[in-house]
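Quick look at model36.cif (mmCIF, C-alpha atoms):
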```
data_protein
loop_
_atom_site.label_atom_id
_atom_site.label_comp_id
_atom_site.auth_asym_id
_atom_site.auth_seq_id
_atom_site.Cartn_x
_atom_site.Cartn_y
_atom_site.Cartn_z
CA ASP A 1 24.67 20.33 15.63
CA GLY A 2 27.23 23.11 15.74
CA GLY A 3 26.88 26.04 13.44
CA ILE A 4 26.28 29.72 12.92
CA THR A 5 22.83 31.24 13.17
CA GLN A 6 22.01 34.57 11.58
CA SER A 7 18.77 36.40 12.11
CA PRO A 8 16.64 37.71 10.67
CA LYS A 9 16.90 36.03 7.26
CA TYR A 10 15.05 38.91 5.58
CA LEU A 11 14.72 42.46 6.88
CA PHE A 12 13.08 45.56 5.48
CA ARG A 13 13.79 48.99 6.90
CA LYS A 14 13.08 52.57 6.05
CA GLU A 15 15.91 54.86 5.05
CA GLY A 16 17.52 56.56 8.05
CA GLN A 17 16.81 53.76 10.53
CA ASN A 18 19.52 51.78 12.27
CA VAL A 19 19.19 48.01 12.11
CA THR A 20 21.05 45.25 13.99
CA LEU A 21 21.78 41.84 12.48
CA SER A 22 22.34 38.96 14.86
CA CYS A 23 25.08 36.33 14.54
CA GLU A 24 25.50 33.50 17.06
CA GLN A 25 27.87 30.53 16.84
CA ASN A 26 28.21 27.43 19.00
CA LEU A 27 31.40 26.17 17.35
CA ASN A 28 33.64 27.57 20.10
CA HIS A 29 35.45 29.58 17.44
CA ASP A 30 37.57 32.50 18.58
CA ALA A 31 37.33 34.57 15.40
CA MET A 32 34.19 36.02 13.82
CA TYR A 33 33.65 38.10 10.70
CA TRP A 34 31.03 40.11 8.84
CA TYR A 35 31.01 40.24 5.06
CA ARG A 36 28.76 42.06 2.65
CA GLN A 37 27.85 40.62 -0.76
CA ASP A 38 26.45 42.66 -3.65
CA PRO A 39 25.50 41.33 -7.09
CA GLY A 40 28.54 40.98 -9.35
CA GLN A 41 30.94 41.71 -6.52
CA GLY A 42 32.95 39.49 -4.25
CA LEU A 43 32.43 39.28 -0.52
CA ARG A 44 33.80 42.39 1.16
CA LEU A 45 34.94 42.39 4.78
CA ILE A 46 33.17 44.84 7.07
CA TYR A 47 34.51 44.00 10.55
CA TYR A 48 36.24 41.10 12.22
CA SER A 49 37.05 40.01 15.75
CA GLN A 50 39.74 37.59 16.79
CA ILE A 51 38.96 37.61 20.50
CA VAL A 52 36.25 38.74 22.89
CA ASN A 53 36.09 42.49 23.55
CA ASP A 54 38.29 43.24 20.54
CA PHE A 55 37.48 43.90 16.89
CA GLN A 56 39.04 45.52 13.84
CA LYS A 57 37.72 47.36 10.82
CA GLY A 58 37.70 45.55 7.52
CA ASP A 59 37.75 47.10 4.07
CA ILE A 60 34.30 48.75 4.18
CA ALA A 61 33.59 49.55 7.85
CA GLU A 62 32.13 53.02 7.33
CA GLY A 63 28.50 53.19 8.41
CA TYR A 64 28.68 49.96 10.41
CA SER A 65 29.38 49.08 14.04
CA VAL A 66 29.91 45.83 15.94
CA SER A 67 30.41 44.51 19.45
CA ARG A 68 31.96 41.32 20.80
CA GLU A 69 30.90 41.01 24.42
CA LYS A 70 30.60 37.23 24.27
CA LYS A 71 32.59 34.63 22.34
CA GLU A 72 29.40 33.26 20.79
CA SER A 73 27.93 36.52 19.56
CA PHE A 74 29.00 39.18 17.05
CA PRO A 75 26.07 41.49 16.16
CA LEU A 76 26.37 44.00 13.32
CA THR A 77 24.56 47.35 13.35
CA VAL A 78 23.92 49.02 10.01
CA THR A 79 23.61 52.70 10.83
CA SER A 80 21.90 55.49 8.94
CA ALA A 81 25.37 56.66 7.91
CA GLN A 82 25.75 53.67 5.57
CA LYS A 83 24.89 55.10 2.15
CA ASN A 84 23.96 51.88 0.35
CA PRO A 85 22.84 49.41 3.01
CA THR A 86 20.74 47.12 0.81
CA ALA A 87 22.80 43.93 0.50
CA PHE A 88 23.24 40.31 1.56
CA TYR A 89 25.16 40.14 4.84
CA LEU A 90 27.15 37.06 5.78
CA CYS A 91 28.58 36.25 9.19
CA ALA A 92 31.41 33.75 9.51
CA SER A 93 33.63 32.24 12.17
CA SER A 94 36.89 30.31 12.31
CA ARG A 95 39.09 28.63 14.85
CA GLN A 96 42.67 29.63 15.34
CA GLY A 97 45.46 27.15 14.77
CA THR A 98 48.16 25.95 12.41
CA ASP A 99 46.64 22.68 11.16
CA SER A 100 44.97 22.46 7.75
CA GLY A 101 41.47 22.74 9.20
CA ALA A 102 42.18 25.87 11.17
CA ASN A 103 41.25 29.28 9.83
CA VAL A 104 38.66 27.86 7.43
CA LEU A 105 35.62 30.13 7.47
CA THR A 106 32.25 28.65 8.37
CA PHE A 107 29.43 30.88 7.18
CA GLY A 108 25.94 31.52 8.43
CA ALA A 109 22.97 31.41 6.05
CA GLY A 110 22.99 35.18 5.61
CA SER A 111 20.65 38.10 6.23
CA ARG A 112 19.18 40.00 3.30
CA LEU A 113 18.58 43.65 4.18
CA THR A 114 16.45 45.85 1.98
CA VAL A 115 16.18 49.54 2.70
CA LEU A 116 13.08 51.13 1.25
CA GLY B 117 46.08 45.83 -1.77
CA GLN B 118 45.11 42.57 -3.38
CA ASN B 119 43.74 41.85 -6.82
CA ILE B 120 41.92 38.60 -7.57
CA ASP B 121 40.62 37.70 -11.03
CA GLN B 122 38.37 34.84 -12.08
CA PRO B 123 36.00 34.43 -15.03
CA THR B 124 32.48 35.71 -14.47
CA GLU B 125 30.62 32.80 -16.04
CA MET B 126 31.26 29.31 -17.40
CA THR B 127 29.02 26.65 -18.89
CA ALA B 128 29.75 22.93 -18.98
CA THR B 129 27.98 19.67 -19.73
CA GLU B 130 26.86 17.11 -17.19
CA GLY B 131 29.49 14.38 -16.80
CA ALA B 132 32.28 16.54 -18.19
CA ILE B 133 35.30 18.17 -16.52
CA VAL B 134 35.61 21.92 -15.97
CA GLN B 135 38.52 24.03 -14.79
CA ILE B 136 37.92 27.37 -13.09
CA ASN B 137 40.96 29.64 -12.99
CA CYS B 138 41.92 32.25 -10.44
CA THR B 139 44.85 34.66 -10.64
CA TYR B 140 45.92 36.91 -7.82
CA GLN B 141 48.40 39.63 -6.98
CA THR B 142 49.27 40.07 -3.35
CA SER B 143 52.14 40.50 -0.95
CA GLY B 144 52.58 38.20 2.01
CA PHE B 145 50.60 35.33 0.44
CA ASN B 146 49.46 32.90 3.11
CA GLY B 147 46.92 30.58 1.52
CA LEU B 148 44.24 30.28 -1.14
CA PHE B 149 40.72 28.98 -0.57
CA TRP B 150 37.90 27.86 -2.84
CA TYR B 151 34.28 28.10 -1.73
CA GLN B 152 31.05 27.01 -3.41
CA GLN B 153 27.95 29.17 -3.10
CA HIS B 154 24.48 28.26 -4.33
CA ALA B 155 22.16 31.17 -5.04
CA GLY B 156 20.88 32.82 -1.85
CA GLU B 157 22.85 30.49 0.40
CA ALA B 158 26.01 30.63 2.46
CA PRO B 159 29.38 29.78 0.88
CA THR B 160 30.71 26.35 1.81
CA PHE B 161 34.39 25.45 1.99
CA LEU B 162 35.80 23.30 -0.81
CA SER B 163 39.59 23.41 -0.64
CA TYR B 164 42.68 25.10 0.71
CA ASN B 165 46.17 25.41 -0.82
CA VAL B 166 49.18 27.01 0.79
CA LEU B 167 51.98 25.07 -0.95
CA ASP B 168 52.45 24.56 -4.68
CA GLY B 169 50.78 21.55 -6.17
CA LEU B 170 47.52 19.71 -6.44
CA GLU B 171 45.11 18.92 -3.62
CA GLU B 172 42.51 16.28 -4.48
CA LYS B 173 39.22 15.75 -2.69
CA GLY B 174 36.89 13.38 -4.46
CA ARG B 175 35.49 14.99 -7.60
CA PHE B 176 37.11 18.33 -6.73
CA SER B 177 40.81 19.21 -7.02
CA SER B 178 42.60 22.49 -6.53
CA PHE B 179 46.01 23.53 -7.83
CA LEU B 180 48.31 26.34 -6.75
CA SER B 181 51.39 27.95 -8.27
CA ARG B 182 52.66 30.65 -5.94
CA SER B 183 55.34 31.89 -8.35
CA LYS B 184 52.67 32.51 -11.00
CA GLY B 185 50.00 33.79 -8.64
CA TYR B 186 47.66 31.20 -10.11
CA SER B 187 45.20 28.61 -8.92
CA TYR B 188 42.52 26.49 -10.51
CA LEU B 189 39.61 24.42 -9.26
CA LEU B 190 38.94 21.25 -11.24
CA LEU B 191 35.53 19.65 -11.10
CA LYS B 192 35.17 16.15 -12.56
CA GLU B 193 32.09 14.13 -13.47
CA LEU B 194 29.94 17.23 -13.35
CA GLN B 195 26.47 16.97 -11.88
CA MET B 196 23.55 19.35 -12.20
CA LYS B 197 23.88 20.20 -8.49
CA ASP B 198 27.36 21.61 -9.21
CA SER B 199 25.66 24.63 -10.80
CA ALA B 200 26.73 27.37 -8.38
CA SER B 201 29.12 30.26 -7.92
CA TYR B 202 32.72 29.32 -7.11
CA LEU B 203 34.64 31.83 -5.04
CA CYS B 204 38.40 32.14 -4.94
CA ALA B 205 39.79 33.79 -1.79
CA VAL B 206 43.31 34.73 -0.76
CA ARG B 207 44.76 35.16 2.70
CA ALA B 208 47.77 37.43 3.07
CA GLY B 209 49.90 38.55 5.95
CA GLY B 210 49.11 37.66 9.54
CA GLY B 211 45.67 37.02 10.87
CA ASN B 212 42.89 35.35 8.95
CA LYS B 213 41.46 38.07 6.74
CA LEU B 214 40.36 36.69 3.39
CA THR B 215 39.96 38.72 0.22
CA PHE B 216 37.45 37.21 -2.18
CA GLY B 217 37.25 37.32 -5.96
CA THR B 218 33.93 38.16 -7.60
CA GLY B 219 33.12 34.49 -8.13
CA THR B 220 32.60 32.33 -11.23
CA GLN B 221 29.02 31.36 -11.97
CA LEU B 222 29.07 27.79 -13.32
CA LYS B 223 26.09 26.46 -15.20
CA VAL B 224 25.92 22.71 -15.79
CA GLU B 225 23.71 21.68 -18.71
CA LEU B 226 22.38 18.34 -19.91
#
```
Transcribe the structure of this file into structure tokens.
Amino acid sequence: DGGITQSPKYLFRKEGQNVTLSCEQNLNHDAMYWYRQDPGQGLRLIYYSQIVNDFQKGDIAEGYSVSREKKESFPLTVTSAQKNPTAFYLCASSRQGTDSGANVLTFGAGSRLTVL
Amino acid sequence: GQNIDQPTEMTATEGAIVQINCTYQTSGFNGLFWYQQHAGEAPTFLSYNVLDGLEEKGRFSSFLSRSKGYSYLLLKELQMKDSASYLCAVRAGGGNKLTFGTGTQLKVEL
């Protein structure tokens, strides 16, 4: 079955440590995204990539970094510069196109990061 | 920037109909999406509107009025499993960046 796999599902880290969240998709989607979700807030876009070897900052990119070396993979690194890293992180992908099914986001199951 | 408003919480009875509203302010509107999210899980796609009018999909329907910056999600024949958060999201300009509202937590009671 095609889908998006995020790992790990739960992650605990000490303050000041960098951590990398994995996101892999086998949907052959060109575009991939990282969102952050906090209680009482909507999903906020961190970074997105529309093609391999290219990515753009979203609304809250500070303290985060990404890479897109392969179409299937879009890992997110939460650096020590991120002031409030504890959150639920969601990866998503979409295919490009003009039909009604294009550009619909398919989400992974999420990674919950807790910084102690 | 974009501003999206939806109620924080709603409660409805099993078997009833509920309407969840979403208002938005944006330039370069290019589509409105509704997603369902159960607690601790990934959002799943429900509906997409880009033109004015009603889109029906089984028990779920979504309406859009671009001139009013308004959409609603209509859920019929409510079931207990419909208890979830419903997210309204707007796409504007080129590309496929979505801006999400804070979500409406729906509780379905017996």
*asked:* Which residues would end up in the selection if the PyMOL selection byres ((chain B) within 7 of (chain A)) were applied here, given that I need the answer as a list in words?
replied: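 What the PyMOL selection byres ((chain B) within 7 of (chain A)) grabs from the file is Glu157, Ala158, Pro159, Asn212, Phe216, Gly217, Thr218 and Gly219 of chain B.
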*Explicit residues for the PyMOL selection byres ((chain B and resi 164) around 8) (as a PyMOL selection string)*: (chain A and resi 100) or (chain B and resi 147-150+162-163+165-166+171+178)
Compile the contact shell of Leu116 in chain A as a PDB file with C-alpha atoms, in the coordinates of the input: residues with an atom at most 8 Å away, counting only C-alpha atoms, same-chain residues fewer than 6 positions apart removed.
```
ATOM      1  CA  PHE A  12      13.080  45.560   5.480  1.00  0.00           C
ATOM      2  CA  ARG A  13      13.790  48.990   6.900  1.00  0.00           C
ATOM      3  CA  LYS A  14      13.080  52.570   6.050  1.00  0.00           C
ATOM      4  CA  GLU A  15      15.910  54.860   5.050  1.00  0.00           C
TER       5      GLU A  15
END
```
*Separation of CA of Thr139 in chain B from CA of Ser181 in chain B in Å*: 9.7 Å
Just say which residues the PyMOL selection byres ((chain B and resi 224) around 10) picks in this file, as a short mmCIF file (atom, residue, chain, number, x, y, z; two decimals) with C-alpha atoms, in the coordinates of the input.
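Output saved as out12.cif:
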```
data_model
loop_
_atom_site.label_atom_id
_atom_site.label_comp_id
_atom_site.auth_asym_id
_atom_site.auth_seq_id
_atom_site.Cartn_x
_atom_site.Cartn_y
_atom_site.Cartn_z
CA MET B 126 31.26 29.31 -17.40
CA THR B 127 29.02 26.65 -18.89
CA ALA B 128 29.75 22.93 -18.98
CA THR B 129 27.98 19.67 -19.73
CA GLU B 130 26.86 17.11 -17.19
CA GLY B 131 29.49 14.38 -16.80
CA ALA B 132 32.28 16.54 -18.19
CA VAL B 134 35.61 21.92 -15.97
CA LEU B 194 29.94 17.23 -13.35
CA GLN B 195 26.47 16.97 -11.88
CA MET B 196 23.55 19.35 -12.20
CA LYS B 197 23.88 20.20 -8.49
CA ASP B 198 27.36 21.61 -9.21
CA SER B 199 25.66 24.63 -10.80
CA ALA B 200 26.73 27.37 -8.38
CA GLN B 221 29.02 31.36 -11.97
CA LEU B 222 29.07 27.79 -13.32
CA LYS B 223 26.09 26.46 -15.20
CA GLU B 225 23.71 21.68 -18.71
CA LEU B 226 22.38 18.34 -19.91
#
```
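Counting from CA of Leu167 in chain B, the distance to CA of Gln56 in chain A is 28.4 Å.
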*Please measure the separation of CA of Ser7 in chain A and CA of Ser22 in chain A, giving the value in Å to one decimal.*
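Value for the CA of Ser7 in chain A-CA of Ser22 in chain A distance: 5.2 Å.
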_Taking (26.8, 56.0, 13.2) in the coordinates of the supplied file, I want to know which residues reach to within 9 Å of it, counting only C-alpha atoms; could you give the answer as number ranges by chain?_
A: 18, 62-65, 77-82
Residues from last step as file, C-alpha atoms, as a compact mmCIF listing (two decimals), in the frame of the given file:
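result.txt written:
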```txt
# COMPACT_ATOMS: atom_id res chain seq x y z
CA ASN A 18 19.52 51.78 12.27
CA GLU A 62 32.13 53.02 7.33
CA GLY A 63 28.50 53.19 8.41
CA TYR A 64 28.68 49.96 10.41
CA SER A 65 29.38 49.08 14.04
CA THR A 77 24.56 47.35 13.35
CA VAL A 78 23.92 49.02 10.01
CA THR A 79 23.61 52.70 10.83
CA SER A 80 21.90 55.49 8.94
CA ALA A 81 25.37 56.66 7.91
CA GLN A 82 25.75 53.67 5.57
```
_Using only C-alpha atoms, can you tell me which of B:Gly169, B:Gly144, B:Gly156, B:Pro123 comes closest to Val206 in chain B?_
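Answer, going by the shortest atom-to-atom distance: B:Gly144.
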*Nearest candidate to Ala205 in chain B (options B:Ser177, B:Thr124, B:Ser187, B:Glu172; using only C-alpha atoms)*: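 Residue with the minimum atom-to-atom distance to Ala205 in chain B: B:Ser187.
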*Find, counting only C-alpha atoms, the residue in B:Cys204, B:Leu191, B:Ile120, B:Leu170 that gets nearest to Gln135 in chain B.*
B:Leu191
